[in-house]
Amino acid sequence: MSQHPDRPAPRPLVPLLAAALTSALAACGGGEAAPAVAADEPIPVVVTAVRESDLTVPVVATGTLAARDEVALSFKVGGVVESVRAEAGERVAAGAVLARLAQAEIAATVEKAEQAVAKARRDAERARRLTADSVTPTAQREDAETMLKVAEQDLRVALFNAQYAEVKAPAAGVVLRRLAAPGALVGPGMPIVLFRPEDTGVLLRAGLSDRDAARVRAGDRATVRFDGAPDRAFSGSVARVAAGANPLSGTFDAEIDLEAAARTLASGLVGRAEIRPARRVSRLALPTTALIEADGDSARVFVVDSTGTTARIRRIRIGTFGAGLVPVL
């Protein structure tokens with residue numbers, strides 16, 4: 001421990017730290033008692049004060065791993081599920097068919113639209129000939145041509161819907177969950193497969209207390225560890241902090257973008273993040289060398305009494321170590 005002699009004296013009631021030692025040694029040799037070492041000889045120590053210091057105190061938060069973009073894939077039209085080829089945890093290539101509707105109804109709809117186009121085309125051609133021969137008025141020909149255009153649009157819709165009677169992977173990625181089984185009757189837009197694209201990255205969603213949320217800003221660096229991968233630490237940065245508290249939990253939702261290596265982890269893993277805010281806070285602090293021992297948030301130090309002649313051991317509560325200092329709570 002060290003204390004600069006020109007620094008101002010500590011404010012009242014702030015404990016001082018010191019180390020006080022006395023010793024008495026005796027040794028025997030050659031059968032004769034060795035001379036005793038003086039036990040009352042003072043040993044010089046350095047005294048330092050608990051002072052306000054600017055510290056970068058980490059923020060610790062717990063959250064779950066999630067994809068930045070998790071997509072609930074569904075059919076555009078309703079029907080009976082014919083097959084679901086996706087299994088949870090399976091990695092698939094872009095365009096892979098994950099689920100398929102029974103095709104009988106889809107094919108019939110397309111064929112019906114094709115027949116309607118063929119009929120409308122015949123009617124329009126007949127109306128053109130009759131109008132050219134002055135047998136039918138021009139308005140009848142125009143009506144026939146309009147019906148042909150409507151039928152052609154209906155066919156386009158039927159063909160488009162037929163394309164989306166299959167659920168395909170929009171990109172290379174991982175199937176998180178299958179939400180329907182073969183034989184199920186599903187409606188348009190009902191989720192069938194929950195999918196995580198590989199190229200969009202992963203993040204940790206965590207909740208911060210109001211005090212911590214006031215200190216954390218987007219861009220602050222973080223280190224995240226998962227119980228499911230205890231041998232690795234993943235670096236990341238804070239992507240956003242919610243402007244308002246979550247009404248259910250009372251905490252402020254925060255998202256931490258993680259490095260690419262974390263994409264191999266399974267969604268839902270619980271992680272512990274240590275965020276290092278760029279904003280520094282002023283706290284009462286001591287040099288770490290002043291601690292006799294520390295265990296969690298508890299530590300023991302020597303404190304000089306009011307006479308300034310005796311140092312006694314006292315237990316104090318401390319915060320997280322940083323830059324050779326420890327905050328005294």
# chains A, B, ... in the order shown; residues from 1 in each chain; ligands from 1
$ residues_around --residues "region 113-117 of chain A" --least-positions-apart "6" --cutoff "12 Å" --atoms "only C-alpha atoms" --output "number ranges by chain"
A: 106-107, 123-124, 144-160, 162
$ select_by_dssp --residues "region 67-310 of chain A" --states "helix (DSSP H, G or I)" --output "ChimeraX atom specification"
/A:103-132,138-163,198-200,210-215,260-264,288-290
$ residues_around --residues "region 58-74 of chain A" --least-positions-apart "3" --cutoff "6 Å" --atoms "only C-alpha atoms" --output "number ranges by chain"
A: 189-196, 201-206, 267-276
$ atom_distance --atom1 "CA of Leu179 (chain A)" --atom2 "CA of Glu259 (chain A)"
29.1 Å
$ select_by_dssp --residues "region 77-323 of chain A" --states "strand (DSSP E or B)" --output "ChimeraX atom specification"
/A:79-84,91-92,97-101,166-168,173-178,185-186,191-197,202-208,221-226,229-241,252-258,270-276,281-287,293-295,298-304,311-318,322
$ atom_distance --atom1 "CA of Gly187 (chain A)" --atom2 "CA of Gln163 (chain A)"
16.0 Å
$ closest_residue --among "A:Pro197, A:Gly183, A:Gly207, A:Gly228" --to "Arg240 (chain A)" --atoms "only C-alpha atoms"
A:Gly207
